[in-house]
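S.K.: My structure is stored as input.tsv, with TSV, C-alpha atoms.
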chain	number	residue	atom	x	y	z
S	1098	MET	CA	0.00	0.00	0.00
S	1099	ARG	CA	2.85	2.34	0.89
S	1100	LEU	CA	4.63	1.57	-2.39
S	1101	HIS	CA	1.43	2.23	-4.31
S	1102	LEU	CA	0.98	5.62	-2.64
S	1103	SER	CA	4.64	6.48	-3.26
S	1104	ALA	CA	4.31	5.65	-6.98
S	1105	LYS	CA	1.08	7.67	-7.14
S	1106	PHE	CA	2.76	10.64	-5.46
S	1107	ARG	CA	5.71	10.48	-7.88
S	1108	GLN	CA	3.29	10.43	-10.81
S	1109	ILE	CA	1.44	13.51	-9.54
S	1110	LEU	CA	4.71	15.32	-8.84
S	1111	GLY	CA	6.03	14.41	-12.28
S	1112	HIS	CA	2.86	15.72	-13.93
S	1113	ALA	CA	3.26	19.00	-12.04
S	1114	LYS	CA	6.87	19.29	-13.24
S	1115	ASP	CA	5.79	18.70	-16.83
S	1116	GLN	CA	3.18	21.46	-16.60
S	1117	ALA	CA	5.74	23.82	-15.10
S	1118	SER	CA	8.15	23.10	-17.94
S	1119	ILE	CA	5.43	23.75	-20.49
S	1120	GLY	CA	4.57	27.02	-18.76
S	1121	ARG	CA	8.19	28.19	-18.85
S	1122	ALA	CA	8.42	27.33	-22.55
S	1123	ILE	CA	5.32	29.39	-23.35
S	1124	VAL	CA	6.65	32.56	-21.71
S	1125	GLN	CA	10.05	32.30	-23.39
S	1126	ASN	CA	10.79	35.18	-25.77
S	1127	TYR	CA	11.78	33.17	-28.86
S	1128	ASN	CA	12.08	34.79	-32.26
S	1129	GLU	CA	10.05	31.97	-33.78
S	1130	LYS	CA	6.77	30.80	-32.28
S	1131	ALA	CA	7.55	27.37	-33.68
S	1132	PHE	CA	10.44	27.12	-31.20
S	1133	VAL	CA	7.94	27.37	-28.35
S	1134	ASP	CA	5.84	24.62	-29.92
S	1135	ILE	CA	8.93	22.43	-30.35
S	1136	GLU	CA	9.94	22.82	-26.69
S	1137	VAL	CA	6.40	22.06	-25.52
S	1138	ALA	CA	6.23	19.01	-27.80
S	1139	VAL	CA	9.52	17.69	-26.41
S	1140	VAL	CA	8.19	17.95	-22.85
S	1141	ARG	CA	4.98	16.16	-23.81
S	1142	ALA	CA	6.87	13.40	-25.65
S	1143	THR	CA	9.12	12.80	-22.63
S	1144	SER	CA	6.54	13.15	-19.85
S	1145	HIS	CA	6.72	11.33	-16.49
S	1146	ASP	CA	4.06	8.74	-17.30
S	1147	ASP	CA	4.81	5.12	-18.21
S	1148	CYS	CA	3.66	5.40	-21.82
S	1149	PRO	CA	5.66	5.19	-25.06
S	1150	VAL	CA	6.41	8.31	-27.08
S	1151	ASP	CA	3.05	9.44	-28.45
S	1152	ASP	CA	2.79	9.13	-32.24
S	1153	LYS	CA	0.77	12.33	-32.54
S	1154	THR	CA	3.39	14.31	-30.66
S	1155	MET	CA	6.13	12.66	-32.70
S	1156	HIS	CA	4.49	13.72	-35.97
S	1157	GLU	CA	4.04	17.23	-34.59
S	1158	ILE	CA	7.77	17.48	-33.82
S	1159	LEU	CA	8.72	16.24	-37.28
S	1160	PHE	CA	6.33	18.72	-38.92
S	1161	LEU	CA	7.61	21.69	-36.88
S	1162	VAL	CA	11.26	20.82	-37.45
S	1163	SER	CA	10.77	20.26	-41.19
S	1164	ASN	CA	9.10	23.64	-41.68
S	1165	THR	CA	11.19	25.86	-39.38
S	1166	PRO	CA	14.67	27.10	-40.40
S	1167	GLY	CA	17.32	26.34	-37.79
S	1168	ALA	CA	14.97	24.07	-35.84
S	1169	VAL	CA	17.19	20.98	-35.67
S	1170	PRO	CA	19.99	22.55	-33.58
S	1171	PHE	CA	17.33	24.05	-31.29
S	1172	LEU	CA	15.61	20.67	-30.97
S	1173	ALA	CA	18.96	19.00	-30.20
S	1174	GLU	CA	19.66	21.54	-27.45
S	1175	GLN	CA	16.23	21.02	-25.88
S	1176	ILE	CA	16.70	17.24	-25.87
S	1177	SER	CA	20.18	17.56	-24.36
S	1178	ARG	CA	18.88	19.89	-21.65
S	1179	ARG	CA	16.05	17.50	-20.85
S	1180	LEU	CA	18.53	14.64	-20.43
S	1181	ALA	CA	20.94	16.68	-18.32
S	1182	LYS	CA	18.33	18.06	-15.89
S	1183	THR	CA	16.07	15.08	-15.24
S	1184	ARG	CA	16.62	12.57	-12.44
S	1185	ASP	CA	13.67	10.42	-13.46
S	1186	TYR	CA	14.21	7.03	-15.10
S	1187	LEU	CA	11.12	7.30	-17.32
S	1188	VAL	CA	11.90	10.81	-18.57
S	1189	ALA	CA	15.50	9.88	-19.38
S	1190	GLY	CA	14.47	6.68	-21.15
S	1191	LYS	CA	11.73	8.37	-23.17
S	1192	THR	CA	14.15	11.13	-24.19
S	1193	LEU	CA	16.55	8.50	-25.52
S	1194	LEU	CA	13.64	6.87	-27.34
S	1195	LEU	CA	12.76	10.25	-28.85
S	1196	ILE	CA	16.32	10.59	-30.20
S	1197	HIS	CA	16.13	7.09	-31.64
S	1198	ARG	CA	12.78	7.73	-33.31
S	1199	LEU	CA	14.10	10.95	-34.82
S	1200	LEU	CA	17.05	9.02	-36.25
S	1201	ARG	CA	14.64	6.41	-37.63
S	1202	SER	CA	12.24	8.98	-39.09
S	1203	SER	CA	11.46	8.99	-42.78
S	1204	SER	CA	13.18	12.36	-43.20
S	1205	ARG	CA	16.77	11.84	-44.32
S	1206	SER	CA	17.35	15.59	-44.02
S	1207	ILE	CA	16.50	15.58	-40.30
S	1208	GLU	CA	18.67	12.52	-39.75
S	1209	GLN	CA	21.66	14.15	-41.44
S	1210	LYS	CA	21.17	17.39	-39.52
S	1211	LEU	CA	21.03	15.46	-36.24
S	1212	HIS	CA	24.36	13.86	-37.16
S	1213	ILE	CA	25.79	17.35	-37.71
S	1214	ALA	CA	24.25	18.56	-34.44
S	1215	HIS	CA	25.89	15.67	-32.58
S	1216	THR	CA	29.26	16.40	-34.19
S	1217	SER	CA	29.01	20.12	-33.36
S	1218	GLY	CA	27.99	19.46	-29.75
S	1219	HIS	CA	24.37	20.64	-29.91
S	1220	LEU	CA	23.15	17.07	-29.32
S	1221	GLN	CA	24.74	15.56	-26.20
S	1222	ILE	CA	23.43	12.07	-25.59
S	1223	SER	CA	25.65	10.94	-22.74
S	1224	CYS	CA	24.94	13.87	-20.38
S	1225	CYS	CA	22.75	11.72	-18.08
S	1226	TRP	CA	22.90	11.28	-14.32
S	1227	PHE	CA	22.44	7.50	-14.56
S	1228	MET	CA	25.67	6.99	-16.53
S	1229	MET	CA	27.48	6.51	-13.20
S	1230	SER	CA	24.65	4.70	-11.40
S	1231	GLN	CA	24.67	0.98	-10.60
S	1232	ASP	CA	21.47	0.89	-8.54
S	1233	HIS	CA	19.17	-1.03	-10.88
S	1234	PRO	CA	19.47	-3.30	-13.96
S	1235	SER	CA	17.29	-0.83	-15.89
S	1236	PHE	CA	19.94	1.87	-15.37
S	1237	ALA	CA	22.55	-0.49	-16.83
S	1238	PHE	CA	20.31	-0.95	-19.86
S	1239	LEU	CA	19.98	2.83	-20.30
S	1240	GLN	CA	23.76	3.18	-20.07
S	1241	ASN	CA	24.19	0.64	-22.85
S	1242	TYR	CA	21.38	2.29	-24.80
S	1243	VAL	CA	23.25	5.61	-24.63
S	1244	ALA	CA	26.39	3.89	-25.98
S	1245	TYR	CA	24.30	2.37	-28.77
S	1246	LEU	CA	22.82	5.75	-29.75
S	1247	GLU	CA	26.29	7.32	-29.72
S	1248	GLU	CA	27.25	4.72	-32.34
S	1249	ARG	CA	23.92	4.87	-34.17
S	1250	VAL	CA	24.15	8.61	-34.78
S	1251	GLY	CA	27.18	7.83	-36.97
S	1252	TRP	CA	24.99	5.83	-39.34
S	1253	ILE	CA	22.36	7.08	-41.79
S	1254	ILE	CA	19.56	5.50	-43.78
S	1255	ASN	CA	20.41	5.61	-47.48
S	1256	GLN	CA	18.00	6.02	-50.38
S	1257	ALA	CA	17.41	2.26	-50.46
S	1258	GLY	CA	16.25	2.35	-46.83
S	1259	LYS	CA	19.34	0.55	-45.53
S	1260	LEU	CA	21.69	1.64	-42.75
S	1261	GLU	CA	25.21	2.61	-43.75
S	1262	PRO	CA	28.01	4.29	-41.79
S	1263	VAL	CA	29.14	7.85	-42.35
S	1264	MET	CA	32.91	7.75	-42.69
S	1265	SER	CA	35.36	10.52	-41.78
S	1266	GLY	CA	34.84	13.63	-43.87
S	1267	GLY	CA	31.21	12.74	-44.47
S	1268	THR	CA	31.98	10.07	-47.06
S	1269	LYS	CA	29.32	7.39	-47.17
S	1270	CYS	CA	30.13	3.75	-47.86
S	1271	SER	CA	28.08	1.61	-50.19
S	1272	ARG	CA	27.95	-2.17	-49.92
S	1273	TYR	CA	30.35	-4.73	-51.36
S	1274	LYS	CA	29.39	-4.94	-55.03
S	1275	GLU	CA	32.89	-4.05	-56.20
S	1276	LYS	CA	34.64	-5.91	-53.33
S	1277	SER	CA	37.16	-3.11	-52.87
S	1278	MET	CA	39.76	-3.77	-50.19
S	1279	ASP	CA	39.59	-0.20	-48.91
S	1280	LEU	CA	35.81	-0.45	-48.62
S	1281	VAL	CA	35.94	-3.76	-46.75
S	1282	PHE	CA	38.60	-2.59	-44.31
S	1283	HIS	CA	36.64	0.59	-43.58
S	1284	ILE	CA	33.11	-0.74	-43.27
S	1285	LEU	CA	33.68	-4.08	-41.53
S	1286	PRO	CA	35.19	-2.48	-38.41
S	1287	LYS	CA	32.18	-0.13	-38.28
S	1288	CYS	CA	29.84	-3.13	-38.48
S	1289	GLN	CA	31.76	-4.83	-35.68
S	1290	GLU	CA	31.48	-1.74	-33.48
S	1291	PHE	CA	27.75	-1.54	-34.19
S	1292	ILE	CA	27.14	-5.21	-33.41
S	1293	ALA	CA	29.19	-4.90	-30.20
S	1294	LYS	CA	26.85	-2.12	-29.00
S	1295	VAL	CA	23.81	-4.23	-29.94
S	1296	LEU	CA	25.07	-7.20	-27.93
S	1297	LYS	CA	25.48	-5.02	-24.82
S	1298	CYS	CA	21.82	-3.93	-25.05
S	1299	SER	CA	20.53	-7.41	-24.30
S	1300	PRO	CA	17.21	-7.18	-22.41
S	1301	VAL	CA	17.77	-10.53	-20.70
S	1302	ASP	CA	19.03	-8.94	-17.46
S	1303	VAL	CA	16.03	-6.57	-17.29
S	1304	TRP	CA	13.06	-8.57	-16.05
S	1305	PRO	CA	10.20	-7.89	-16.03
S	1306	MET	CA	10.79	-5.89	-19.21
S	1307	ASP	CA	8.87	-2.60	-19.04
S	1308	ASN	CA	7.38	-0.72	-21.98
S	1309	LEU	CA	10.42	1.51	-22.31
S	1310	VAL	CA	12.94	-1.33	-22.55
S	1311	GLN	CA	10.68	-3.26	-24.91
S	1312	ALA	CA	10.29	-0.30	-27.29
S	1313	ALA	CA	14.03	0.41	-27.28
S	1314	THR	CA	14.96	-3.25	-27.79
S	1315	GLY	CA	12.57	-3.59	-30.71
S	1316	SER	CA	14.15	-0.65	-32.54
S	1317	ILE	CA	17.68	-1.88	-31.79
S	1318	LEU	CA	16.92	-5.37	-33.10
S	1319	LYS	CA	15.33	-4.09	-36.31
S	1320	GLU	CA	18.41	-2.04	-37.09
S	1321	SER	CA	20.73	-4.89	-36.17
S	1322	PHE	CA	19.00	-7.08	-38.79
S	1323	GLN	CA	20.03	-4.63	-41.52
S	1324	VAL	CA	23.60	-4.24	-40.26
S	1325	TYR	CA	23.97	-8.03	-39.97
S	1326	MET	CA	23.18	-8.42	-43.69
S	1327	THR	CA	25.88	-5.87	-44.54
S	1328	TYR	CA	28.20	-7.56	-42.05
S	1329	SER	CA	27.77	-11.02	-43.59
S	1330	ASP	CA	28.27	-9.62	-47.12
S	1331	GLY	CA	31.49	-7.98	-45.98
S	1332	ILE	CA	32.76	-11.18	-44.37
S	1333	ALA	CA	32.10	-13.09	-47.60
S	1334	ALA	CA	33.93	-10.45	-49.64
S	1335	LEU	CA	36.85	-10.46	-47.22
S	1336	SER	CA	37.11	-14.26	-47.37
S	1337	ASN	CA	37.14	-14.19	-51.17
S	1338	MET	CA	39.91	-11.61	-51.40
S	1339	LEU	CA	41.99	-13.06	-48.55
S	1340	PHE	CA	44.55	-14.72	-50.86
S	1341	ASP	CA	45.07	-11.46	-52.80
S	1342	LEU	CA	46.10	-9.43	-49.75
S	1343	SER	CA	49.60	-8.61	-48.59
S	1344	ARG	CA	50.82	-10.38	-45.46
S	1345	PRO	CA	50.09	-7.46	-43.03
S	1346	ALA	CA	46.63	-6.93	-44.50
S	1347	ARG	CA	45.99	-10.70	-44.39
S	1348	ASP	CA	46.88	-10.84	-40.70
S	1349	LEU	CA	44.48	-7.97	-40.04
S	1350	ALA	CA	41.78	-9.72	-42.06
S	1351	CYS	CA	42.20	-12.97	-40.13
S	1352	GLY	CA	41.87	-11.06	-36.88
S	1353	MET	CA	38.64	-9.50	-38.15
S	1354	LEU	CA	37.33	-12.93	-39.14
S	1355	ARG	CA	38.12	-14.33	-35.70
S	1356	LYS	CA	36.24	-11.48	-34.03
S	1357	ALA	CA	33.34	-11.94	-36.45
S	1358	SER	CA	33.13	-15.63	-35.57
S	1359	GLN	CA	32.53	-14.84	-31.88
S	1360	GLN	CA	30.26	-11.86	-32.54
S	1361	ILE	CA	27.97	-13.74	-34.88
S	1362	GLU	CA	27.64	-16.60	-32.42
S	1363	ASP	CA	26.73	-14.12	-29.67
S	1364	LEU	CA	24.25	-12.45	-32.02
S	1365	ARG	CA	22.61	-15.79	-32.77
S	1366	VAL	CA	22.21	-16.47	-29.03
S	1367	LEU	CA	20.74	-12.99	-28.50
S	1368	TYR	CA	18.18	-13.47	-31.26
S	1369	GLU	CA	17.15	-16.83	-29.85
S	1370	LYS	CA	16.60	-15.32	-26.40
S	1371	CYS	CA	14.69	-12.32	-27.75
S	1372	ARG	CA	12.30	-14.62	-29.62
S	1373	GLY	CA	10.91	-15.59	-26.22
S	1374	PHE	CA	10.01	-12.05	-25.12
S	1375	THR	CA	6.49	-10.77	-25.60
S	1376	GLY	CA	6.34	-7.81	-27.96
S	1377	ILE	CA	9.56	-8.57	-29.86
S	1378	LYS	CA	9.18	-12.27	-30.62
S	1379	SER	CA	7.20	-11.54	-33.81
S	1380	LEU	CA	10.00	-9.56	-35.47
S	1381	ASP	CA	11.44	-10.76	-38.77
S	1382	TYR	CA	14.61	-12.34	-37.36
S	1383	PRO	CA	17.25	-13.24	-39.98
S	1384	SER	CA	18.84	-16.65	-40.27
S	1385	VAL	CA	22.28	-16.22	-38.69
S	1386	GLN	CA	25.00	-18.26	-40.41
S	1387	ALA	CA	27.75	-19.49	-38.10
S	1388	ILE	CA	31.43	-19.03	-38.88
S	1389	THR	CA	33.50	-21.80	-37.33
S	1390	MET	CA	36.98	-21.23	-35.95
S	1391	ASP	CA	38.11	-24.42	-37.72
S	1392	HIS	CA	37.46	-22.81	-41.07
S	1393	ILE	CA	39.25	-19.60	-40.10
S	1394	VAL	CA	42.28	-21.64	-39.00
S	1395	ALA	CA	42.18	-23.50	-42.33
S	1396	LEU	CA	42.07	-20.19	-44.22
S	1397	GLU	CA	45.05	-18.92	-42.23
S	1398	GLN	CA	47.06	-22.06	-42.93
S	1399	CYS	CA	46.28	-22.03	-46.64
S	1400	SER	CA	47.01	-18.32	-46.99
S	1401	SER	CA	50.33	-18.84	-45.19
S	1402	TYR	CA	51.15	-21.69	-47.58
S	1403	ASN	CA	50.27	-19.58	-50.63
S	1404	THR	CA	52.54	-16.79	-49.40
S	1405	HIS	CA	55.43	-19.24	-48.91
S	1406	ALA	CA	54.87	-20.94	-52.28
S	1407	GLY	CA	54.65	-17.60	-54.06
S	1408	SER	CA	57.93	-16.40	-52.57
S	1409	VAL	CA	59.67	-19.66	-53.58
S	1410	LEU	CA	58.44	-19.39	-57.18
S	1411	LYS	CA	59.40	-15.75	-57.32
S	1412	GLY	CA	62.89	-16.56	-56.09
S	1413	SER	CA	63.35	-19.34	-58.65
S	1414	GLY	CA	62.11	-17.25	-61.55
S	1415	GLY	CA	58.71	-18.90	-61.80
S	1416	GLU	CA	59.46	-20.25	-65.31
S	1417	ARG	CA	56.81	-22.28	-67.09
S	1418	GLY	CA	57.59	-25.97	-67.49
S	1419	LEU	CA	59.04	-26.31	-63.99
S	1420	SER	CA	58.07	-29.56	-62.27
S	1421	VAL	CA	56.48	-28.85	-58.86
S	1422	SER	CA	54.35	-31.88	-58.18
S	1423	THR	CA	54.17	-31.13	-54.42
S	1424	ASN	CA	52.15	-27.94	-55.04
S	1425	LEU	CA	49.15	-29.90	-56.28
S	1426	ARG	CA	49.17	-32.15	-53.22
S	1427	ASP	CA	49.40	-29.18	-50.85
S	1428	SER	CA	46.65	-27.32	-52.70
S	1429	VAL	CA	44.36	-30.33	-52.44
S	1430	THR	CA	45.12	-30.56	-48.72
S	1431	CYS	CA	44.13	-26.90	-48.25
S	1432	ASN	CA	40.91	-27.39	-50.19
S	1433	GLU	CA	40.10	-30.49	-48.15
S	1434	LYS	CA	40.59	-28.51	-44.92
S	1435	ILE	CA	38.22	-25.81	-46.12
S	1436	ALA	CA	35.64	-28.26	-47.45
S	1437	SER	CA	35.70	-30.40	-44.30
S	1438	THR	CA	34.38	-27.51	-42.16
S	1439	SER	CA	30.83	-27.66	-43.45
S	1440	LEU	CA	29.48	-25.35	-40.73
S	1441	PHE	CA	31.20	-22.42	-42.41
S	1442	LEU	CA	28.52	-21.23	-44.80
S	1443	LEU	CA	30.32	-18.42	-46.60
S	1444	PRO	CA	31.66	-18.90	-50.17
S	1445	VAL	CA	35.41	-19.20	-50.65
S	1446	GLU	CA	37.18	-18.61	-53.93
S	1447	THR	CA	40.55	-20.19	-54.80
S	1448	LYS	CA	43.18	-19.32	-57.37
S	1449	ILE	CA	44.28	-21.77	-60.11
S	1450	SER	CA	48.06	-22.03	-60.40
S	1451	MET	CA	49.59	-21.23	-63.81
S	1452	VAL	CA	52.63	-23.51	-63.15
S	1453	TRP	CA	52.92	-26.68	-65.26
S	1454	VAL	CA	52.67	-29.88	-63.24
S	1455	VAL	CA	54.34	-33.16	-64.28
S	1456	PHE	CA	52.74	-36.37	-62.97
S	1457	ASP	CA	55.21	-39.18	-62.26
S	1458	ASN	CA	52.66	-41.94	-63.01
S	1459	GLU	CA	51.60	-40.52	-66.39
S	1460	GLU	CA	52.07	-43.10	-69.19
S	1461	ASP	CA	54.16	-42.18	-72.20
S	1462	LYS	CA	52.01	-41.32	-75.16
S	1463	PRO	CA	53.08	-42.29	-78.72
S	1464	THR	CA	54.33	-39.44	-80.78
Kindly present the structure from the file in structure tokens form.

M.R.:
Amino acid sequence: MRLHLSAKFRQILGHAKDQASIGRAIVQNYNEKAFVDIEVAVVRATSHDDCPVDDKTMHEILFLVSNTPGAVPFLAEQISRRLAKTRDYLVAGKTLLLIHRLLRSSSRSIEQKLHIAHTSGHLQISCCWFMMSQDHPSFAFLQNYVAYLEERVGWIINQAGKLEPVMSGGTKCSRYKEKSMDLVFHILPKCQEFIAKVLKCSPVDVWPMDNLVQAATGSILKESFQVYMTYSDGIAALSNMLFDLSRPARDLACGMLRKASQQIEDLRVLYEKCRGFTGIKSLDYPSVQAITMDHIVALEQCSSYNTHAGSVLKGSGGERGLSVSTNLRDSVTCNEKIASTSLFLLPVETKISMVWVVFDNEEDKPT
């Protein structure tokens, strides 16, 4: 009974604070009346009640921001101030949800301007009191959610509706159609950072899962599905070009493949657990393909052999007609190692040697 009265009192007090914030916004002497409406809408979207961000208020914010010059930096400042001042779990969580929904809005212009606002310091996501708190599992989830949003703001939705990272200097990366080494070595680390933040936002430790955590987890999972598809394409491209890389780049690539093996296994476990939660079990989960460490070890051994064989041929001149019957046996052994690890589901391309091979058991043909 006492807990019920305490929760009721907090709700009434929170409602009074919301009304006071709205009143202060109305009397502010802004040059644009739309700025007042934006501040009021932010307070309403992040109120003290245990309800998700209202769709009507969300559409109102998007409309005001889209039709008011200079509104995005102002909106970013209001959101940052709301996060910095509040000591309420619900208000902080709903403010983070508001940021996430703005990033997921259909307006690419707003998304890009929010990225600029974050870079310039107008949008400060991590200025929250709970970042140092260890009192409750829900606070730990919000801390990980902040880290996820800090990473997410560095990604944008392209014209095809897919997430892609914004690289340094504002250069955007496409996917792996051309299998460029520079592209793979830039975008795969970004995918690994993104997936690492997703894995930390596991809702398993937060039980029972409230509306706030459920809404945040649903959005995180949906975006992780898209990044996983890009991630798996990049891993396939990296595996195919592994034998064409220099030794330092090949070592870096093998390290990335080892990390990917563990991450994808953890992602598969996370998806399996999330399928059991009400509200997010009906999402369109992708089929996660495992990468076995046995196959990565086989790739490393074969790539090391190819480097050694190439250096030997280069040192001997690599003339055609040279008898190197051991190369065929070693190549078959490498292919058998790769083929024997059937759990590795990514395609692997091999190179055909241009060196003539003489078989000792070949019968003499009449001339």

S.K.: Please report the interatomic distance between atom CA of Met1353 of chain S and atom CA of Leu1296 of chain S in Å with one decimal.

M.R.: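 Between atom CA of Met1353 of chain S and atom CA of Leu1296 of chain S the gap works out to 17.1 Å.
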
S.K.: So, counting all atoms listed in the file, which residue among S:Pro1170, S:Gly1352, S:Gly1258, S:Gly1190 is closest to Gln1221 of chain S?

M.R.: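 When distances to Gln1221 of chain S are compared using all atoms listed in the file, the smallest one comes from S:Pro1170.
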
S.K.: Would you compute the distance between atom CA of Arg1107 of chain S and atom CA of Leu1187 of chain S? Give it in Å to one decimal.

M.R.: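 Interatomic distance here is 11.3 Å.
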
S.K.: To one decimal place in Å, what is the distance between atom CA of Arg1347 of chain S and atom CA of Val1281 of chain S?

M.R.: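 Interatomic distance here is 12.4 Å.
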
S.K.: Find the residues near segment 1371-1379 of chain S: any atom within 8 Å, counting only C-alpha atoms, skip ones fewer than 3 places away on the same chain, and give them as a list in words.

M.R.: Pro1300, Val1301, Gln1311, Thr1314, Gly1315, Leu1367 and Tyr1368 of chain S

S.K.: Taking only C-alpha atoms into account, name the residue in S:Ala1117, S:Met1306, S:Leu1110, S:Ala1122 that is nearest to Asp1185 of chain S.

M.R.: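 The shortest atom-to-atom distance to Asp1185 of chain S comes from S:Leu1110.
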